[in-house]
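Reproduced below: query16.txt, with compact mmCIF, C-alpha atoms.
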# COMPACT_ATOMS: atom_id res chain seq x y z
CA MET A 13 0.00 0.00 0.00
CA LYS A 14 1.35 3.43 -0.87
CA PRO A 15 2.16 5.78 2.03
CA ILE A 16 -0.63 8.22 1.15
CA LEU A 17 -3.19 5.41 1.15
CA ILE A 18 -1.91 4.18 4.51
CA PHE A 19 -2.22 7.70 5.91
CA LEU A 20 -5.78 8.09 4.57
CA THR A 21 -6.77 4.68 5.87
CA VAL A 22 -5.44 5.45 9.36
CA LEU A 23 -7.02 8.91 9.29
CA GLY A 24 -10.34 7.41 8.25
CA GLY A 25 -10.13 4.88 11.06
CA LEU A 26 -9.39 7.58 13.60
CA ALA A 27 -12.27 9.71 12.30
CA GLY A 28 -14.60 6.73 12.65
CA ALA A 29 -13.38 6.11 16.19
CA PHE A 30 -13.83 9.76 17.11
CA ALA A 31 -17.34 9.75 15.64
CA ALA A 32 -18.22 6.58 17.57
CA ASN A 33 -16.87 8.09 20.76
CA ALA A 34 -18.87 11.27 20.14
CA ASP A 35 -22.03 9.22 19.66
CA GLU A 36 -21.36 7.27 22.85
CA ALA A 37 -20.38 10.31 24.92
CA ALA A 38 -22.71 10.89 27.84
CA PRO A 39 -24.88 14.00 27.42
CA HIS A 40 -24.20 16.62 30.05
CA GLY A 41 -27.54 16.79 31.77
CA ILE A 42 -30.49 15.05 33.37
CA LEU A 43 -33.86 14.39 31.80
CA LEU A 44 -36.71 15.27 34.15
CA VAL A 45 -40.20 13.78 33.89
CA ALA A 46 -43.39 14.57 35.76
CA ASN A 47 -44.96 11.25 36.74
CA LYS A 48 -48.58 12.33 37.20
CA GLY A 49 -49.85 8.98 38.43
CA ASP A 50 -47.10 8.55 41.02
CA HIS A 51 -47.05 12.20 42.14
CA THR A 52 -43.28 12.20 41.71
CA LEU A 53 -40.57 13.88 39.70
CA GLY A 54 -38.40 11.34 37.90
CA LEU A 55 -34.69 11.91 37.22
CA ILE A 56 -33.42 10.05 34.19
CA ASP A 57 -29.83 9.41 33.16
CA PRO A 58 -30.21 9.49 29.36
CA ALA A 59 -26.82 7.88 28.73
CA ALA A 60 -27.57 4.92 31.01
CA GLY A 61 -31.15 4.83 29.75
CA LYS A 62 -32.79 4.55 33.15
CA MET A 63 -34.60 6.53 35.80
CA THR A 64 -32.09 6.87 38.63
CA ALA A 65 -34.25 8.61 41.24
CA THR A 66 -37.76 9.77 42.02
CA VAL A 67 -38.70 12.63 44.31
CA PRO A 68 -42.16 12.69 45.93
CA GLU A 69 -43.70 16.07 45.22
CA ASP A 70 -46.09 15.91 48.18
CA GLY A 71 -49.03 17.13 46.16
CA VAL A 72 -51.68 16.08 43.65
CA THR A 73 -50.31 16.46 41.12
CA GLY A 74 -47.56 17.92 38.97
CA HIS A 75 -48.13 17.78 35.21
CA GLU A 76 -45.19 19.89 34.06
CA VAL A 77 -41.64 20.69 35.18
CA VAL A 78 -38.87 23.12 34.36
CA ALA A 79 -35.25 23.24 35.52
CA SER A 80 -33.53 26.33 36.89
CA SER A 81 -31.02 28.04 34.62
CA ASP A 82 -28.09 26.52 36.53
CA GLY A 83 -29.55 23.00 36.43
CA LYS A 84 -29.55 22.64 40.21
CA ARG A 85 -33.27 22.84 40.94
CA ALA A 86 -36.59 21.90 39.36
CA PHE A 87 -39.93 23.67 39.67
CA VAL A 88 -43.07 21.50 39.63
CA PRO A 89 -46.45 23.28 39.66
CA ILE A 90 -49.06 21.26 41.57
CA TYR A 91 -52.06 21.46 39.29
CA GLY A 92 -54.81 19.36 40.88
CA ASN A 93 -56.44 15.98 40.39
CA ALA A 94 -58.30 16.65 37.14
CA GLY A 95 -57.66 17.55 33.53
CA VAL A 96 -57.95 21.02 32.06
CA GLY A 97 -61.49 22.36 32.24
CA ARG A 98 -62.72 19.44 34.34
CA ALA A 99 -64.09 19.46 37.86
CA GLY A 100 -61.56 18.61 40.55
CA THR A 101 -59.16 20.06 43.06
CA ASP A 102 -57.43 23.36 42.36
CA GLY A 103 -53.72 23.36 43.10
CA GLN A 104 -52.01 26.41 44.55
CA LEU A 105 -48.42 25.27 45.18
CA ILE A 106 -45.20 25.02 43.20
CA ARG A 107 -42.66 22.58 44.61
CA VAL A 108 -38.97 23.40 44.35
CA ILE A 109 -36.78 20.31 44.13
CA ASP A 110 -33.04 20.03 44.79
CA LEU A 111 -31.79 17.80 41.99
CA ALA A 112 -28.59 16.80 43.78
CA LYS A 113 -30.20 15.95 47.12
CA HIS A 114 -33.35 14.48 45.55
CA GLU A 115 -35.69 16.34 47.89
CA VAL A 116 -38.16 19.21 48.05
CA CYS A 117 -36.17 22.27 49.14
CA GLY A 118 -38.86 24.93 48.93
CA THR A 119 -42.49 25.69 48.16
CA ILE A 120 -44.13 28.63 46.43
CA ASP A 121 -47.66 29.14 47.78
CA LEU A 122 -49.86 31.14 45.40
CA GLY A 123 -52.39 31.78 48.16
CA LYS A 124 -55.41 30.13 46.58
CA GLY A 125 -56.33 27.38 44.15
CA ILE A 126 -55.58 28.66 40.65
CA ARG A 127 -54.26 25.52 38.93
CA PRO A 128 -50.63 26.38 38.13
CA HIS A 129 -49.58 24.30 35.16
CA CYS A 130 -46.87 25.07 32.61
CA ALA A 131 -43.58 26.50 33.90
CA VAL A 132 -41.02 28.28 31.72
CA ILE A 133 -37.79 30.06 32.64
CA GLY A 134 -37.40 33.43 30.92
CA PRO A 135 -34.42 33.13 28.55
CA LYS A 136 -33.07 36.60 29.33
CA ASN A 137 -34.24 37.61 32.82
CA GLY A 138 -34.22 34.12 34.40
CA LEU A 139 -37.65 34.66 35.96
CA LEU A 140 -40.09 31.79 36.37
CA TYR A 141 -43.32 32.09 34.36
CA VAL A 142 -46.19 29.75 35.29
CA THR A 143 -49.62 29.54 33.67
CA THR A 144 -52.32 29.98 36.32
CA GLU A 145 -55.46 28.84 34.59
CA LEU A 146 -58.22 29.82 36.97
CA GLU A 147 -57.05 33.42 36.97
CA ASN A 148 -56.64 33.58 33.18
CA SER A 149 -53.06 34.62 33.72
CA VAL A 150 -49.37 33.85 33.80
CA THR A 151 -47.80 34.32 37.22
CA VAL A 152 -44.23 35.65 37.35
CA ILE A 153 -41.93 34.44 40.14
CA ASP A 154 -38.40 35.26 41.21
CA PRO A 155 -36.76 31.80 41.40
CA GLN A 156 -34.20 33.00 43.93
CA THR A 157 -36.56 34.53 46.50
CA LEU A 158 -39.49 32.26 45.52
CA LYS A 159 -41.74 35.33 45.61
CA VAL A 160 -44.42 36.36 43.11
CA VAL A 161 -43.23 39.52 41.35
CA GLY A 162 -46.06 40.02 38.86
CA THR A 163 -48.84 38.62 36.72
CA VAL A 164 -49.59 38.82 33.03
CA PRO A 165 -53.26 38.52 31.97
CA THR A 166 -54.02 36.21 29.07
CA GLY A 167 -57.54 37.46 28.39
CA GLN A 168 -58.79 33.89 27.99
CA PRO A 169 -59.75 30.93 30.17
CA GLU A 170 -57.79 27.67 30.24
CA SER A 171 -54.42 29.16 29.29
CA HIS A 172 -52.79 25.77 29.60
CA MET A 173 -49.35 25.96 27.99
CA LEU A 174 -46.84 28.75 27.41
CA ALA A 175 -43.99 29.42 24.98
CA ILE A 176 -41.60 32.39 25.23
CA THR A 177 -39.52 33.99 22.48
CA GLY A 178 -35.74 33.90 22.61
CA ASP A 179 -35.50 37.58 23.53
CA GLY A 180 -37.89 37.03 26.45
CA LYS A 181 -40.26 39.77 25.32
CA ARG A 182 -43.24 37.81 24.00
CA GLY A 183 -45.26 34.94 25.39
CA TYR A 184 -47.84 32.77 23.67
CA THR A 185 -50.44 30.68 25.50
CA ALA A 186 -52.60 27.88 24.14
CA ASN A 187 -56.11 28.46 25.50
CA VAL A 188 -57.77 25.06 25.36
CA ALA A 189 -61.57 25.44 25.39
CA PRO A 190 -61.67 28.78 23.56
CA GLY A 191 -59.41 27.37 20.85
CA THR A 192 -57.30 30.52 20.83
CA VAL A 193 -53.72 31.68 21.32
CA SER A 194 -52.97 34.76 23.43
CA VAL A 195 -50.03 36.96 22.49
CA LEU A 196 -48.47 38.51 25.59
CA ASP A 197 -46.14 41.44 26.12
CA LEU A 198 -44.16 40.04 29.05
CA GLU A 199 -42.40 43.32 29.77
CA ALA A 200 -45.51 45.51 29.79
CA LYS A 201 -47.55 42.65 31.29
CA LYS A 202 -50.47 42.96 28.90
CA VAL A 203 -52.32 41.08 26.17
CA LEU A 204 -51.35 42.18 22.67
CA ALA A 205 -53.73 39.95 20.73
CA VAL A 206 -56.01 36.93 20.97
CA ILE A 207 -55.79 34.75 17.87
CA PRO A 208 -58.77 32.53 16.93
CA VAL A 209 -57.45 29.13 15.89
CA CYS A 210 -60.01 26.31 16.11
CA LYS A 211 -62.73 24.83 18.32
CA ASN A 212 -60.27 23.38 20.84
CA THR A 213 -56.50 23.62 20.89
CA GLN A 214 -53.68 22.01 22.87
CA ARG A 215 -50.01 22.57 23.58
CA ILE A 216 -47.80 25.17 21.93
CA SER A 217 -44.26 25.69 20.68
CA LEU A 218 -42.18 28.24 18.78
CA SER A 219 -39.81 27.85 15.87
CA VAL A 220 -36.16 28.47 16.74
CA ASP A 221 -36.19 31.83 14.93
CA ASP A 222 -39.48 32.82 16.68
CA ARG A 223 -41.15 33.28 13.29
CA TRP A 224 -43.83 30.63 13.81
CA VAL A 225 -46.06 29.45 16.64
CA PHE A 226 -47.41 25.90 16.45
CA THR A 227 -50.52 24.59 18.19
CA SER A 228 -52.70 21.55 17.49
CA ASP A 229 -56.38 21.39 16.62
CA GLN A 230 -58.00 18.82 18.92
CA THR A 231 -60.93 18.14 16.60
CA GLN A 232 -59.04 17.53 13.35
CA PRO A 233 -55.59 16.07 12.55
CA ARG A 234 -53.95 19.36 11.68
CA LEU A 235 -51.40 21.77 13.08
CA ALA A 236 -51.89 25.53 13.05
CA VAL A 237 -48.93 27.61 11.91
CA ILE A 238 -49.23 31.14 13.31
CA ASP A 239 -47.18 33.97 11.83
CA THR A 240 -45.73 35.99 14.72
CA GLN A 241 -45.43 39.04 12.46
CA THR A 242 -49.13 39.20 11.66
CA ASN A 243 -50.55 37.32 14.69
CA GLY A 244 -52.75 35.19 12.49
CA VAL A 245 -52.93 31.57 11.30
CA SER A 246 -50.74 31.46 8.21
CA GLN A 247 -51.42 27.87 7.21
CA TRP A 248 -52.38 24.41 8.38
CA ILE A 249 -50.22 21.29 8.26
CA GLU A 250 -52.17 18.08 7.73
CA MET A 251 -51.02 15.26 10.01
CA PRO A 252 -51.66 11.51 10.40
CA GLY A 253 -53.36 12.07 13.76
CA ILE A 254 -54.36 14.60 16.41
CA GLY A 255 -51.28 16.49 17.60
CA TYR A 256 -50.19 17.20 21.14
CA GLY A 257 -46.79 18.30 22.50
CA SER A 258 -44.17 19.49 20.02
CA ALA A 259 -40.61 20.83 19.95
CA PRO A 260 -38.24 22.06 17.23
CA THR A 261 -34.72 20.77 16.68
CA PRO A 262 -31.99 23.32 17.54
CA ASP A 263 -31.04 23.74 13.87
CA GLY A 264 -34.57 24.92 13.11
CA HIS A 265 -35.07 22.27 10.42
CA TRP A 266 -37.56 19.94 12.07
CA LEU A 267 -40.58 20.04 14.37
CA VAL A 268 -41.15 16.84 16.36
CA ILE A 269 -44.77 16.37 17.44
CA ALA A 270 -46.59 13.70 19.44
CA LEU A 271 -49.77 12.24 17.91
CA ILE A 272 -51.58 11.31 21.10
CA GLN A 273 -54.38 9.13 19.74
CA ALA A 274 -52.39 7.47 16.97
CA SER A 275 -49.50 6.51 19.28
CA GLN A 276 -47.10 8.00 16.81
CA VAL A 277 -44.63 10.84 16.45
CA ALA A 278 -44.57 12.97 13.31
CA VAL A 279 -41.51 14.88 12.15
CA ILE A 280 -42.34 17.99 10.15
CA ASP A 281 -39.91 19.56 7.70
CA LEU A 282 -40.24 23.27 8.46
CA ALA A 283 -38.84 24.19 5.05
CA THR A 284 -41.80 22.56 3.31
CA MET A 285 -44.27 22.60 6.23
CA LYS A 286 -45.07 18.94 5.56
CA VAL A 287 -44.75 15.71 7.52
CA ALA A 288 -41.53 14.00 6.42
CA HIS A 289 -41.33 11.07 8.89
CA THR A 290 -43.73 9.13 11.08
CA LEU A 291 -42.64 6.84 13.93
CA GLU A 292 -44.51 4.37 16.10
CA VAL A 293 -44.20 4.95 19.87
CA PRO A 294 -45.93 3.51 22.95
CA HIS A 295 -49.52 4.49 23.70
CA ALA A 296 -50.56 8.08 24.47
CA PRO A 297 -47.47 10.16 23.70
CA GLN A 298 -47.72 13.49 25.49
CA GLU A 299 -44.75 15.83 25.47
CA VAL A 300 -41.65 16.23 23.30
CA LEU A 301 -38.24 17.52 24.34
CA VAL A 302 -35.25 17.77 22.02
CA ARG A 303 -31.88 17.55 23.76
CA PRO A 304 -29.90 20.82 23.57
CA ASP A 305 -27.29 19.22 21.29
CA GLY A 306 -30.07 18.07 18.96
CA LEU A 307 -28.92 14.43 18.84
CA GLU A 308 -31.94 12.92 20.57
CA ALA A 309 -35.61 13.70 21.05
CA TYR A 310 -37.53 12.40 24.05
CA VAL A 311 -41.26 11.67 24.06
CA SER A 312 -43.18 10.91 27.24
CA CYS A 313 -45.73 8.12 26.80
CA ASP A 314 -48.38 8.38 29.49
CA ALA A 315 -50.11 5.00 29.39
CA SER A 316 -46.95 2.89 29.01
CA ARG A 317 -44.91 4.66 31.72
CA GLN A 318 -42.10 5.08 29.23
CA ILE A 319 -39.96 7.66 27.47
CA ALA A 320 -39.30 7.01 23.80
CA VAL A 321 -35.79 8.04 22.76
CA ILE A 322 -35.55 9.07 19.11
CA ASP A 323 -32.31 9.29 17.18
CA THR A 324 -32.60 12.50 15.14
CA LYS A 325 -29.99 11.34 12.61
CA ASP A 326 -32.18 8.58 11.18
CA TRP A 327 -35.50 9.32 12.91
CA LYS A 328 -35.81 5.95 14.56
CA VAL A 329 -36.78 4.99 18.11
CA LYS A 330 -33.48 3.76 19.54
CA LYS A 331 -34.72 2.73 22.99
CA LEU A 332 -37.47 3.02 25.58
CA ILE A 333 -36.78 4.18 29.12
CA ASP A 334 -39.05 3.13 31.96
CA ALA A 335 -40.52 6.10 33.83
CA GLY A 336 -43.41 6.45 36.26
CA ALA A 337 -47.18 6.25 35.94
CA GLY A 338 -48.68 8.98 33.81
CA ALA A 339 -45.35 10.21 32.44
CA ASP A 340 -46.00 13.66 31.00
CA GLY A 341 -44.04 16.90 31.38
CA LEU A 342 -40.37 16.85 30.40
CA ALA A 343 -37.45 19.18 31.09
CA TRP A 344 -33.69 19.19 30.65
CA ALA A 345 -31.47 20.08 33.59
CA LYS A 346 -28.01 20.94 32.37
CA GLY A 347 -25.02 19.28 33.95
CA LYS A 348 -21.54 20.54 34.77
What does this structure look like when you write it as structure tokens?
Amino acid sequence: MKPILIFLTVLGGLAGAFAANADEAAPHGILLVANKGDHTLGLIDPAAGKMTATVPEDGVTGHEVVASSDGKRAFVPIYGNAGVGRAGTDGQLIRVIDLAKHEVCGTIDLGKGIRPHCAVIGPKNGLLYVTTELENSVTVIDPQTLKVVGTVPTGQPESHMLAITGDGKRGYTANVAPGTVSVLDLEAKKVLAVIPVCKNTQRISLSVDDRWVFTSDQTQPRLAVIDTQTNGVSQWIEMPGIGYGSAPTPDGHWLVIALIQASQVAVIDLATMKVAHTLEVPHAPQEVLVRPDGLEAYVSCDASRQIAVIDTKDWKVKKLIDAGAGADGLAWAKGK
């Protein structure tokens, strides 16, 4: 073999080894899951593919979770014992969980039952924003002092889920029964617009460039694409089933969306606004989270107590991780 061929062969082998090592490298973080049926927060090691700890939340029950900016704590709003718009208890607490000690380290008491649900950390100011459905609002909390520092009206009932733009200035809520999306000025703490979408809507996400808002019609298998420049529905994307939770990949190319009734996940090409891939997952997929490095997507599957792990390179389910009963809300807590 000629020297140059030997060099290229060795170089190719080293590149393959480096690529394999990169694929096998443990992600720097913990996957968090709200186990509704167990009333616990699950901590999952995504590299090991197993839930390594559960923390009782001492409440009924947390549906969603978000991690603090430093990855040291999690915030779990205690919603109540019923679904959105249904009769049941009205939660008023948000549990603060120490992710290293695996214990509740604080509680935010909102003073009355207002069903706190979706929690989001502001990308610029680091404040904690939580939808508080029974007050038609988003409550703003200082995560350091654990004190309420403001509220933002949504102008609509059942403001269930919240997405915030990258500059932290705008918020968008999916208002379930009204079938609308509220556009919020988070700095001025006011409603800018209420966008009619459909009869009933669910879940919400933003494109990486904040150009589009996505929310799913719960009466037809279609996804609304809202133009954030005009605050109106720009188009509909037809899907194989009713959509639920969704999340974009960090490169802005794909939107991964759970199809709750079909027990599938659809992958939408945002360049064409069409479904490009469809994957089978366990029953009742709920929420989608794409890992910050974009290499994996995680889908919580309520009825099966599992998390489906999707390889975003080939769009295949690479493994299933056992979680708790009613696995729903997901969050990523960054590691060191």
Which residues of range 196-303 of chain A come within 10 Å of range 154-170 of chain A, and what is each one's closest atom pair and distance in Å (one decimal), counting all atoms listed in the file, sorted by chain and residue number, as a tab-separated table?
residue	atom	partner	partner_atom	distance
A:Leu196	CA	A:Thr166	CA	6.9
A:Asp197	CA	A:Val164	CA	8.2
A:Leu198	CA	A:Val164	CA	6.8
A:Glu199	CA	A:Val164	CA	9.1
A:Ala200	CA	A:Val164	CA	8.5
A:Lys201	CA	A:Val164	CA	4.7
A:Lys202	CA	A:Val164	CA	5.9
A:Val203	CA	A:Thr166	CA	5.9
A:Leu204	CA	A:Thr166	CA	9.2
A:Ala205	CA	A:Gly167	CA	8.9
A:Val206	CA	A:Gly167	CA	7.6
Practice item. Do a neighbour search on Asp102 in chain A at 7 Å with only C-alpha atoms, toss out local chain neighbours closer than 5 positions, and write the hits as JSON, numbers by chain. Key: {"A": [91, 92, 125, 126, 127]}
Point to revise | Counting all atoms listed in the file, the option among A:Leu301, A:Leu122, A:Ile153, A:Ala131 closest to Leu105 in chain A | key: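 Ranking A:Leu301, A:Leu122, A:Ile153, A:Ala131 by distance to Leu105 in chain A, first place goes to A:Leu122.
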Exercise for review: Tell me which of A:Ser312, A:Thr240, A:Thr143, A:Gln232 sits closest to Pro294 in chain A, counting only C-alpha atoms.
Suggested key: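 Answer, going by the shortest atom-to-atom distance: A:Ser312.
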Check your understanding: Excluding same-chain residues fewer than 6 positions from Lys211 in chain A, what lies within 9 Å of it counting all atoms listed in the file, as a PyMOL selection string?
Key -> chain A and resi 188-192+229-231
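For the pair CA of Ile269 in chain A and CA of Val132 in chain A, the interatomic distance is 19.0 Å.
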Exercise for review: Could you tell me how far CA of Trp224 in chain A lies from CA of Asp239 in chain A, in Å and to one decimal?
Suggested key: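 Distance reported for this atom pair: 5.1 Å.
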Exercise for review: Go through A:Thr185, A:Asn148, A:Thr261, A:Gln104 one by one, measure the shortest atom-to-atom distance of each to Cys130 in chain A using all atoms listed in the file, and give the residue with the smallest value.
Suggested key: A:Thr185
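Between CA of Asn187 in chain A and CA of Thr101 in chain A there is a distance of 19.7 Å.
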Exercise for review: For a cut-off of 7 Å around (-48.0, 4.7, 36.1), file coordinates, pick out all residues using all atoms listed in the file and list them as a ChimeraX atom specification.
Suggested key: /A:49-50,317,336-338
Residues just named, written with C-alpha atoms as an mmCIF file, in the coordinates of the input:
data_model
loop_
_atom_site.group_PDB
_atom_site.id
_atom_site.type_symbol
_atom_site.label_atom_id
_atom_site.label_comp_id
_atom_site.auth_asym_id
_atom_site.auth_seq_id
_atom_site.Cartn_x
_atom_site.Cartn_y
_atom_site.Cartn_z
ATOM 1 C CA GLY A 49 -49.850 8.980 38.430
ATOM 2 C CA ASP A 50 -47.100 8.550 41.020
ATOM 3 C CA ARG A 317 -44.910 4.660 31.720
ATOM 4 C CA GLY A 336 -43.410 6.450 36.260
ATOM 5 C CA ALA A 337 -47.180 6.250 35.940
ATOM 6 C CA GLY A 338 -48.680 8.980 33.810
#
Point to revise | Selected residue, from A:His289, A:His51, A:Lys124, A:His114, that lies nearest to Lys328 in chain A when counting all atoms listed in the file | key: A:His289
Exercise for review: Extract, using all atoms listed in the file, all DNA, RNA and protein residues at most 9 Å from Ser275 in chain A, discarding same-chain residues fewer than 2 positions from it, and format them as a ChimeraX atom specification.
Suggested key: /A:253,270-273,277,291-297,313
Selection file, C-alpha atoms, as a CSV table (one decimal), keeping the file's coordinate frame:
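Written output follows (selection36.csv):
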chain,number,residue,atom,x,y,z
A,253,GLY,CA,-53.4,12.1,13.8
A,270,ALA,CA,-46.6,13.7,19.4
A,271,LEU,CA,-49.8,12.2,17.9
A,272,ILE,CA,-51.6,11.3,21.1
A,273,GLN,CA,-54.4,9.1,19.7
A,277,VAL,CA,-44.6,10.8,16.4
A,291,LEU,CA,-42.6,6.8,13.9
A,292,GLU,CA,-44.5,4.4,16.1
A,293,VAL,CA,-44.2,5.0,19.9
A,294,PRO,CA,-45.9,3.5,23.0
A,295,HIS,CA,-49.5,4.5,23.7
A,296,ALA,CA,-50.6,8.1,24.5
A,297,PRO,CA,-47.5,10.2,23.7
A,313,CYS,CA,-45.7,8.1,26.8
Check your understanding: What lies within 12 Å of Trp266 in chain A using all atoms listed in the file, ignoring chain neighbours under 2 positions off, as JSON, numbers by chain?
Key -> {"A": [218, 219, 220, 258, 259, 260, 261, 262, 263, 264, 268, 269, 278, 279, 280, 281, 282, 283, 284, 285, 286, 287, 288, 289, 302, 306, 309, 324, 325, 327]}
Point to revise | Exercise: residues within 6 Å of coordinate (-27.5, 18.1, 41.5), counting all atoms listed in the file, as a PyMOL selection string | key: chain A and resi 84+111-112
Review point. Which residue, A:Ile109, A:Leu55, A:Leu235, A:Ala99, has the smallest gap to Ile249 in chain A when you use all atoms listed in the file?
Key: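 With all atoms listed in the file as the atom set, the closest residue is A:Leu235.
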If we count all atoms listed in the file and set the cut-off at 7 Å, which residues sit around Val77 in chain A, ignoring sequence neighbours fewer than 4 positions away in its own chain? Please answer as a CSV table (one decimal) with C-alpha atoms, in the coordinates of the input.
chain,number,residue,atom,x,y,z
A,46,ALA,CA,-43.4,14.6,35.8
A,86,ALA,CA,-36.6,21.9,39.4
A,87,PHE,CA,-39.9,23.7,39.7
A,88,VAL,CA,-43.1,21.5,39.6
A,131,ALA,CA,-43.6,26.5,33.9
A,341,GLY,CA,-44.0,16.9,31.4
A,342,LEU,CA,-40.4,16.8,30.4
A,343,ALA,CA,-37.4,19.2,31.1
**Study point:** From A:Asp179, A:Glu76, A:Asp326, A:Asp334, residue lying nearest Arg215 in chain A [only C-alpha atoms]
**Key:** A:Glu76
